[in-house]
Protein chains: 6
Amino acid sequence: MIPEVEKICNDIRAMRIQGAREVAKTAFRALNMEAQATEAVHTQELLSDLLETADELASTRPTEPMLRNSLRYAFSQIKKNKPSDIIEFKEIMAHEEKVFLKNLDLSISAIAEYGAKEIRPGSTVLVHCHSHTVVAILRRTQELDKDVRVICTETRPRYQGRITARELVEAGLDVTMVVDSAARLMLEQEKVETVLVGADAVTSRGDLFNKIGTSMIALSAYETQIPFYSAAELYKFDPATLWGQMEKIEERDPAEVFNANEIPGLKIRNPAFDVTLAKYITAYITEMGIVPPQGVISMVYNKMGIENPMNNKR
Amino acid sequence: MIPEVEKICNDIRAMRIQGAREVAKTAFRALNMEAQATEAVHTQELLSDLLETADELASTRPTEPMLRNSLRYAFSQIKKNKPSDIIEFKEIMAHEEKVFLKNLDLSISAIAEYGAKEIRPGSTVLVHCHSHTVVAILRRTQELDKDVRVICTETRPRYQGRITARELVEAGLDVTMVVDSAARLMLEQEKVETVLVGADAVTSRGDLFNKIGTSMIALSAYETQIPFYSAAELYKFDPATLWGQMEKIEERDPAEVFNANEIPGLKIRNPAFDVTLAKYITAYITEMGIVPPQGVISMVYNKMGIENPMNNKR
Amino acid sequence: MIPEVEKICNDIRAMRIQGAREVAKTAFRALNMEAQATEAVHTQELLSDLLETADELASTRPTEPMLRNSLRYAFSQIKKNKPSDIIEFKEIMAHEEKVFLKNLDLSISAIAEYGAKEIRPGSTVLVHCHSHTVVAILRRTQELDKDVRVICTETRPRYQGRITARELVEAGLDVTMVVDSAARLMLEQEKVETVLVGADAVTSRGDLFNKIGTSMIALSAYETQIPFYSAAELYKFDPATLWGQMEKIEERDPAEVFNANEIPGLKIRNPAFDVTLAKYITAYITEMGIVPPQGVISMVYNKMGIENPMNNKR
Amino acid sequence: MIPEVEKICNDIRAMRIQGAREVAKTAFRALNMEAQATEAVHTQELLSDLLETADELASTRPTEPMLRNSLRYAFSQIKKNKPSDIIEFKEIMAHEEKVFLKNLDLSISAIAEYGAKEIRPGSTVLVHCHSHTVVAILRRTQELDKDVRVICTETRPRYQGRITARELVEAGLDVTMVVDSAARLMLEQEKVETVLVGADAVTSRGDLFNKIGTSMIALSAYETQIPFYSAAELYKFDPATLWGQMEKIEERDPAEVFNANEIPGLKIRNPAFDVTLAKYITAYITEMGIVPPQGVISMVYNKMGIENPMNNKR
Amino acid sequence: MIPEVEKICNDIRAMRIQGAREVAKTAFRALNMEAQATEAVHTQELLSDLLETADELASTRPTEPMLRNSLRYAFSQIKKNKPSDIIEFKEIMAHEEKVFLKNLDLSISAIAEYGAKEIRPGSTVLVHCHSHTVVAILRRTQELDKDVRVICTETRPRYQGRITARELVEAGLDVTMVVDSAARLMLEQEKVETVLVGADAVTSRGDLFNKIGTSMIALSAYETQIPFYSAAELYKFDPATLWGQMEKIEERDPAEVFNANEIPGLKIRNPAFDVTLAKYITAYITEMGIVPPQGVISMVYNKMGIENPMNNKR
Amino acid sequence: MIPEVEKICNDIRAMRIQGAREVAKTAFRALNMEAQATEAVHTQELLSDLLETADELASTRPTEPMLRNSLRYAFSQIKKNKPSDIIEFKEIMAHEEKVFLKNLDLSISAIAEYGAKEIRPGSTVLVHCHSHTVVAILRRTQELDKDVRVICTETRPRYQGRITARELVEAGLDVTMVVDSAARLMLEQEKVETVLVGADAVTSRGDLFNKIGTSMIALSAYETQIPFYSAAELYKFDPATLWGQMEKIEERDPAEVFNANEIPGLKIRNPAFDVTLAKYITAYITEMGIVPPQGVISMVYNKMGIENPMNNKR
């Protein structure tokens, strides 16, 4: 592994490089850097070297699907194109880095486009927490003069709803903030027509891991058949869950909730995410269109270049 | 109306007398004071005077069912006992004040007793906001060595969950606090067996008005059939809703949620209550036992001495 | 049985006296006429005579609960007041006829009042078929300047929705008519907040017999938690269903649907009613207030003076 | 306590007197025997003596609602009739014993009548375990030539379904037996229109304690809206559950399930009952008619003569 | 664009060519005519010309998925086969036209076959409105001597149910017609085992656009788990909905419902379709088999030759 | 057909070769034997011969999907590889037999791996009947020291649960057996977190055919959102159901249930399977990962090499 790649690994670990997208891009770039700098003679040798590098990169964020998927995609392209020599191998890597980066950029604007079309002009949307894709969709509705009203939760304990509120107010939308507990009442009183959230991860079953509280809002929307969408790049889907490896729910610093010293003996829990079952999700808004949760696995299967082991034996 | 009663009216209005129970007790006492001080000769005259006094007392808190019910109860007892002269009238009033006050005290301990028996030893209970009846029930479980664990929400925006947490920790219970949004995840992860809340008001349909967020927790409990109880004195039930007069949902100061000046243009809503539909409520824990929501109206009908107009015509 | 009562029986049978309320009133009046004209000496003798008369009157419309209930009520009052001689017996009958008639008149206006309060100003109500109580409620909202919009179905096959439409338009309401099949779409597109229907009969379980199509609308309202009310006088409830006697669903003339001769071999069915299960009904709007379906039996039990056999044995 | 009553207590304890109805009848008779044999002078003295006797009788079967209810009813009648001397007291006791015994006999035939009317001629009924009231209802349908088909489960582990099968075949019904697991498939394939079970106990919430497996059948019937009835005398309802005292679920001998020695280390559980939630029960078929589960508490309240503490203070 | 193709465009616009299938066939033929008549030298030139022609053809019916899909399919085949010169290009076009036409014919008979096998001999099917695929399926059951009974709705406001009734009676089936409102009662009383409708359009989420009233029938079938099928060629699916472009619900002439002049001031709405959510649909009966709604998108993806943009970059 | 293959056919028919997997393996081997022994000159001739052999093999077990799928897979590989002569044809057959056998072995261990990861350490799993894949998964949890507790049903009428119990106890798991009827109570009392069953067959809609009783357990798990998995090799899926051919539910010997002679006139039914609807199934645990029921058809489509007829016309 060349020193530049080692430095990148350290930077990701130390949180100097942040954000699922940024990390995934940098990791792919690092893999290509390693490939271009190689002194290997046989393609098999280079492949081994890259697999090792990929392991190191993947270990910097063990529960980040987008990072793993970027690396996985790189290898699927190598396998597919079967480079006959090192030169062709490098060309493929260079080309695929460009494709990957471009696709990442395209996917956000595609999601914004698809998402904006799902929202009726003059209607009210409820959002929870902060998500770049959600903000992108709502900005796009504003460009299309859809005159959308937004209800946003404050999102305890870290109040990410305030970031959302600020960005949307600045984009010119009509925004009302409420405490998280008021979400269900707002659905009814404000005649919300769409609930829209981002995604931290998606499983092969179509279940959604997202900010704590998402599942209660989804359940409330489901109760009265209000469409509930998660705007999720397909890279958020982790094929590793094909192998049943369930995501852990991160527990964060209790002090974000309350200073427990004020009530000696009081315990505090601060889980970061909860799981929204596929059956409460109307559809995922992805860069490939509006996909029902149970269909996500097929779309990812196609897009990621994951192979069907039985069709490729010979 | 004698000056002492006028003063009481002013004290209630000015919030110098607070709390639904305290207000109801004081109002009944005032009505009795008025009766004892009367100079009326005919019972009809005294009745007219008391009805006027009751109107004044009721007007001090126009949306408080317990106050109205206490007055209503007084008149139902007068009607039932048909005093033949002023002396008997006064005796009835004096007697019924004592009965009323004693019953109010008894009802809390009855609810604590019934409620405590609904909770399995060693099990976990989730509570929301702060309620005297809920705390009384949980304290009673502690006296019975039931070794109950409690999950309590912080209850934004005013953090009443911290009061609950403090009282329960002091009573020796094992208490864990979470943000309101984590309620549904806690139900699952902590294997909660009972959800327990208080009641601000109950309608003839058995629907519950309670602290914002209650309906989302009830819905989440209903999703996996976890029993959801509201501990509610029957005085919380307002027979006025028989006449379809729906409770308004109070909107409180937005500053409790967020300082809107930080994001110019941002709107804020701060509703105090939401409505939990009867179908999501397992039962009410009342001073007369464990009652299904749809049966509450019959129990109140009996207890309050509300007359069946058709059976008493002659 | 005196000739005047015999004539009344014939008039009811020949449909010269029509409408559930009119028939019930007339039957009670006939029973009183029989009582006043009696030549009996002992009260027991008169009672026997009246029971016979009541049987005859009841047989004129064998499936009409309101008729049966009016007669039942008369006897419950006689039993309760235990007349000691014929004179007192006659007095009771005369008095109770007045009470009964007055109560019938009061009940419609009470229902209108309670019902109107359940409807939010500026909201939209969906109605099906034609019902006097429903029209009374909507007229009352108009008097209260509630500015209610109404969606009414045409109500195939006899288009009773057109009668409703005409009466409501004349009362000044904003009315939109649709085919019956469009009810569910209207609930969503027109953001209907209340569904309101009448009642042909109600069972002890709280189930509703009403115009064909009612149950599909109730189901559609239930799907998105839109409140579904039946405005029903308690006289519509038939205590006979306590004995499990299920109402038959009347099948009407197929020609109302289609001239089957146009397609030889085609069969046609034309059922007049369907059954809406208690669980899809938010509440009944009755003259005694807003009552959940499962609580109706208790209210009727009280009002009708039906006796508890075990409490009256001695 | 006289020796005869002591003997009765022993006989009940030793299971020489069996069956909920038989035990309840005997206990009431014993109470009356004690009263008739009294040497007390003041009614208060006799009352104390009887309360003591009742405690002893109740302790013979601590979890049997019918026994407790029979005793409770006796005291409610004494209280209601306020005997002025010992002679009147004895008369009341003697009279009420007769009333009680007669009512017990009447209630079974009333239930049979009401139940039989709920079953459509030519339809198919599914039953579980063995229940006298269920058999009584089905025999009554046979007397009415209703031509009902019955599916009965075998009811593991003790095969009570075979008793049911035998009794119904002997009564001339068309009976098909299946394993318990086939209940849901039968509901669909045999187009079952009614599910009918007995009741071991009923709570104030309307929940049903009955033979293990009942709740799965109720759930399966609920899935496709097939009416599910429990035929239950109101004596099966235990007002003690008003005080939240939940019934324990009895665990029986594991050997009824399997000889665990055949697989060393294997554990076996053999619970006798499960709980069917009120929401899955269409109605209870009682001696007072067809009652929705949430309305049972009101009916019992009336019938048992349980007093409203607040209305009787003076 | 050659004159013949221009004429075809005009004929489609003027409704001289009608029916989704006929329009799609003609459009494909027109595209081939344009290709065969070309004077282009380079394949790229011809492709440009055809894309322009396709735009013109597509614009004749802007909301018709089958038309757009036929054109889309043509281009996917050109792309896949990569013609090296004009001659090969023309050959491909000629070949694919034949394939397309033949497949259209095959698909109806495939749907009839698959659909007929889903219907149990001797069972009852409920249908709504008129659909060629539904009639084809039911005719096929008749050929297979399945002895199926059919309940058909009249389908207000235009009574298309009468067309269905006539065709099915002529095909020898036992048909009963009811008003639309009676559908739910029929499901129960006639023990319907299958509901079968056609499809106007299907979205990527698996939702169904079909004749007004379909969604209420689907909901009613769902309530008791009666299978609800839509017989839909995959061409009915519009991949454009991948981009979130929601179908508008057409509003037709109010006079079809009622002559509004009869009640001055009365409004009338006449929506042609409603949306049946994927979750209420058991499966689509397609030319490729029985497909669950959430799986439709994958099937279309395959069949239409829509490319995965990420797998084809190089 | 060579004699060895004929013998194999007879052995399968006579149940001398048993078990879905064993039969499928043997059939594939027989097909290869036929190919290797061929004297055909042209590949087309050999193909015809093999198709005939396959028909014979398939007819030995007409309702066994795994057998049909193994043969189907063989032909899809021949078609895909387009052998140019007999030698290559034989090579393909020999190679594919190895691939097929190896994949069958791999798939069980893959399912064990994926399944084991779905089960939380220290949690409780409920299983029904006996299934090799289920036992393999639970053994794998034991190897991973997951300390899983198992509740197993006895599985009337043939008590296959005892086989499961024995195998799991021997594998060192903590196993508790109950009667089938106790499943729902166990879910609640034992806080079961996962229900796990095998699969007899799976339809294109994702519905599961499995041992009688499975659907009631699935419904009970669904009621409280307990994940319900079926561990199913994709070979269990029968593409024939694409053509709507529904599986029959086998009826077995009534004597397994009860000796009907003991109650003359009693009928007995003994269905072997029931159908669990896709909506009650959380996911299938397959050799290709965790797949939602509605996505199974796409996975099979890929894996089985079933061709898209429209994409391969040329």
# chains A, B, ... in the order shown; residues from 1 in each chain; ligands from 1
call {"tool": "residues_around", "arguments": {"residues": "Glu39 in chain E", "least_positions_apart": "3", "cutoff": "12 Å", "atoms": "only C-alpha atoms", "output": "VMD selection string"}}
result
chain E and resid 1 to 2 34 to 36 42 to 43 45 to 46 49 86 to 87 90
call {"tool": "closest_atom_pairs", "arguments": {"of": "chain F", "to": "chain A", "cutoff": "7 Å", "atoms": "only C-alpha atoms", "output": "JSON lines"}}
result
{"residue": "F:Tyr114", "atom": "CA", "partner": "A:Trp243", "partner_atom": "CA", "distance": 4.8}
{"residue": "F:Gly115", "atom": "CA", "partner": "A:Gly244", "partner_atom": "CA", "distance": 6.8}
{"residue": "F:Lys117", "atom": "CA", "partner": "A:Gly244", "partner_atom": "CA", "distance": 5.2}
{"residue": "F:Glu118", "atom": "CA", "partner": "A:Gly244", "partner_atom": "CA", "distance": 5.4}
{"residue": "F:Ala283", "atom": "CA", "partner": "A:Arg205", "partner_atom": "CA", "distance": 6.7}
{"residue": "F:Gly289", "atom": "CA", "partner": "A:Leu242", "partner_atom": "CA", "distance": 4.1}
{"residue": "F:Ile290", "atom": "CA", "partner": "A:Leu242", "partner_atom": "CA", "distance": 5.2}
{"residue": "F:Val291", "atom": "CA", "partner": "A:Arg205", "partner_atom": "CA", "distance": 5.9}
{"residue": "F:Pro292", "atom": "CA", "partner": "A:Arg205", "partner_atom": "CA", "distance": 5.1}
{"residue": "F:Gln294", "atom": "CA", "partner": "A:Gln294", "partner_atom": "CA", "distance": 6.1}
{"residue": "F:Gly295", "atom": "CA", "partner": "A:Gln294", "partner_atom": "CA", "distance": 6.0}
{"residue": "F:Ser298", "atom": "CA", "partner": "A:Ser298", "partner_atom": "CA", "distance": 6.9}
{"residue": "F:Lys303", "atom": "CA", "partner": "A:Met310", "partner_atom": "CA", "distance": 6.3}
call {"tool": "residues_around", "arguments": {"residues": "range 177-194 of chain C", "least_positions_apart": "4", "cutoff": "9 Å", "atoms": "only C-alpha atoms", "output": "MDAnalysis selection string"}}
result
(chainID A and resid 191) or (chainID C and resid 118:120 123:128 150:156 161:162 165 213 216:217 220:221 224 226:229) or (chainID E and resid 155:157 180:181 212:216 254 257:258 266:275)
call {"tool": "atom_distance", "arguments": {"atom1": "CA of Ala116 in chain D", "atom2": "CA of Thr282 in chain D"}}
result
15.5 Å
call {"tool": "residues_around", "arguments": {"residues": "Ala30 in chain F", "least_positions_apart": "5", "cutoff": "12 Å", "atoms": "only C-alpha atoms", "output": "ChimeraX atom specification"}}
result
/F:1-9,11-12,23-25,35-37,50,53-54,56-58,67,70-71,74,93-94,97
call {"tool": "select_by_dssp", "arguments": {"residues": "range 25-204 of chain F", "states": "helix (DSSP H, G or I)", "output": "number ranges by chain"}}
result
F: 25-36, 43-59, 65-81, 86-118, 132-143, 160-170, 180-189
call {"tool": "residues_around", "arguments": {"residues": "Glu143 in chain E", "least_positions_apart": "3", "cutoff": "10 Å", "atoms": "only C-alpha atoms", "output": "ChimeraX atom specification"}}
result
/E:116,137-140,146-147,171-172
call {"tool": "write_last_selection", "arguments": {"atoms": "N, CA and C atoms", "output": "compact mmCIF listing (two decimals), in the first residue's frame"}}
result
# COMPACT_ATOMS: atom_id res chain seq x y z
N ALA E 116 -57.17 -18.31 -16.19
CA ALA E 116 -58.17 -19.39 -16.04
C ALA E 116 -57.71 -20.40 -14.99
N ILE E 137 -60.21 -14.34 -20.07
CA ILE E 137 -59.96 -15.33 -19.01
C ILE E 137 -61.22 -16.13 -18.71
N LEU E 138 -62.35 -15.43 -18.59
CA LEU E 138 -63.58 -16.12 -18.21
C LEU E 138 -64.07 -17.03 -19.34
N ARG E 139 -63.88 -16.57 -20.58
CA ARG E 139 -64.22 -17.46 -21.70
C ARG E 139 -63.37 -18.72 -21.65
N ARG E 140 -62.11 -18.54 -21.31
CA ARG E 140 -61.20 -19.69 -21.23
C ARG E 140 -61.66 -20.67 -20.16
N LYS E 146 -65.14 -25.14 -16.49
CA LYS E 146 -64.91 -24.89 -15.07
C LYS E 146 -66.19 -24.49 -14.35
N ASP E 147 -67.22 -24.20 -15.11
CA ASP E 147 -68.52 -23.95 -14.50
C ASP E 147 -68.46 -22.81 -13.48
N ALA E 171 -71.19 -16.22 -23.84
CA ALA E 171 -70.16 -17.27 -23.75
C ALA E 171 -70.63 -18.45 -22.90
N GLY E 172 -71.87 -18.33 -22.37
CA GLY E 172 -72.44 -19.46 -21.66
C GLY E 172 -72.25 -19.44 -20.15
call {"tool": "atom_distance", "arguments": {"atom1": "CA of Ile108 in chain C", "atom2": "CA of Ala136 in chain C"}}
result
7.6 Å
call {"tool": "atom_distance", "arguments": {"atom1": "CA of Asp174 in chain F", "atom2": "CA of Val148 in chain F"}}
result
7.1 Å
call {"tool": "residues_around", "arguments": {"residues": "Glu64 in chain B", "least_positions_apart": "2", "cutoff": "10 Å", "atoms": "only C-alpha atoms", "output": "list in words"}}
result
Ala20, Val23, Ala24, Ala58, Ser59, Thr60, Arg61, Pro62, Met66, Leu67, Arg68, Asn69, Asp200, Ala201, Lys236, Phe237 and Asp238 of chain B
call {"tool": "residues_around", "arguments": {"residues": "Gln44 in chain F", "least_positions_apart": "2", "cutoff": "12 Å", "atoms": "only C-alpha atoms", "output": "list in words"}}
result
Ala40, Val41, His42, Leu46, Leu47, Ser48, Asp49, Leu50, Leu51, Ile78, Lys79, Lys82, Pro83, Ser84, Asp85, Ile86 and Phe89 of chain F
call {"tool": "select_by_dssp", "arguments": {"residues": "range 221-301 of chain E", "states": "strand (DSSP E or B)", "output": "list in words"}}
result
Phe228, Tyr229, Ser230, Ala231, Phe237, Glu251, Lys267, Ile268, Pro271, Phe273, Asp274, Val275, Thr276, Ala283, Tyr284, Ile285, Thr286, Gly289, Ile290 and Val291 of chain E
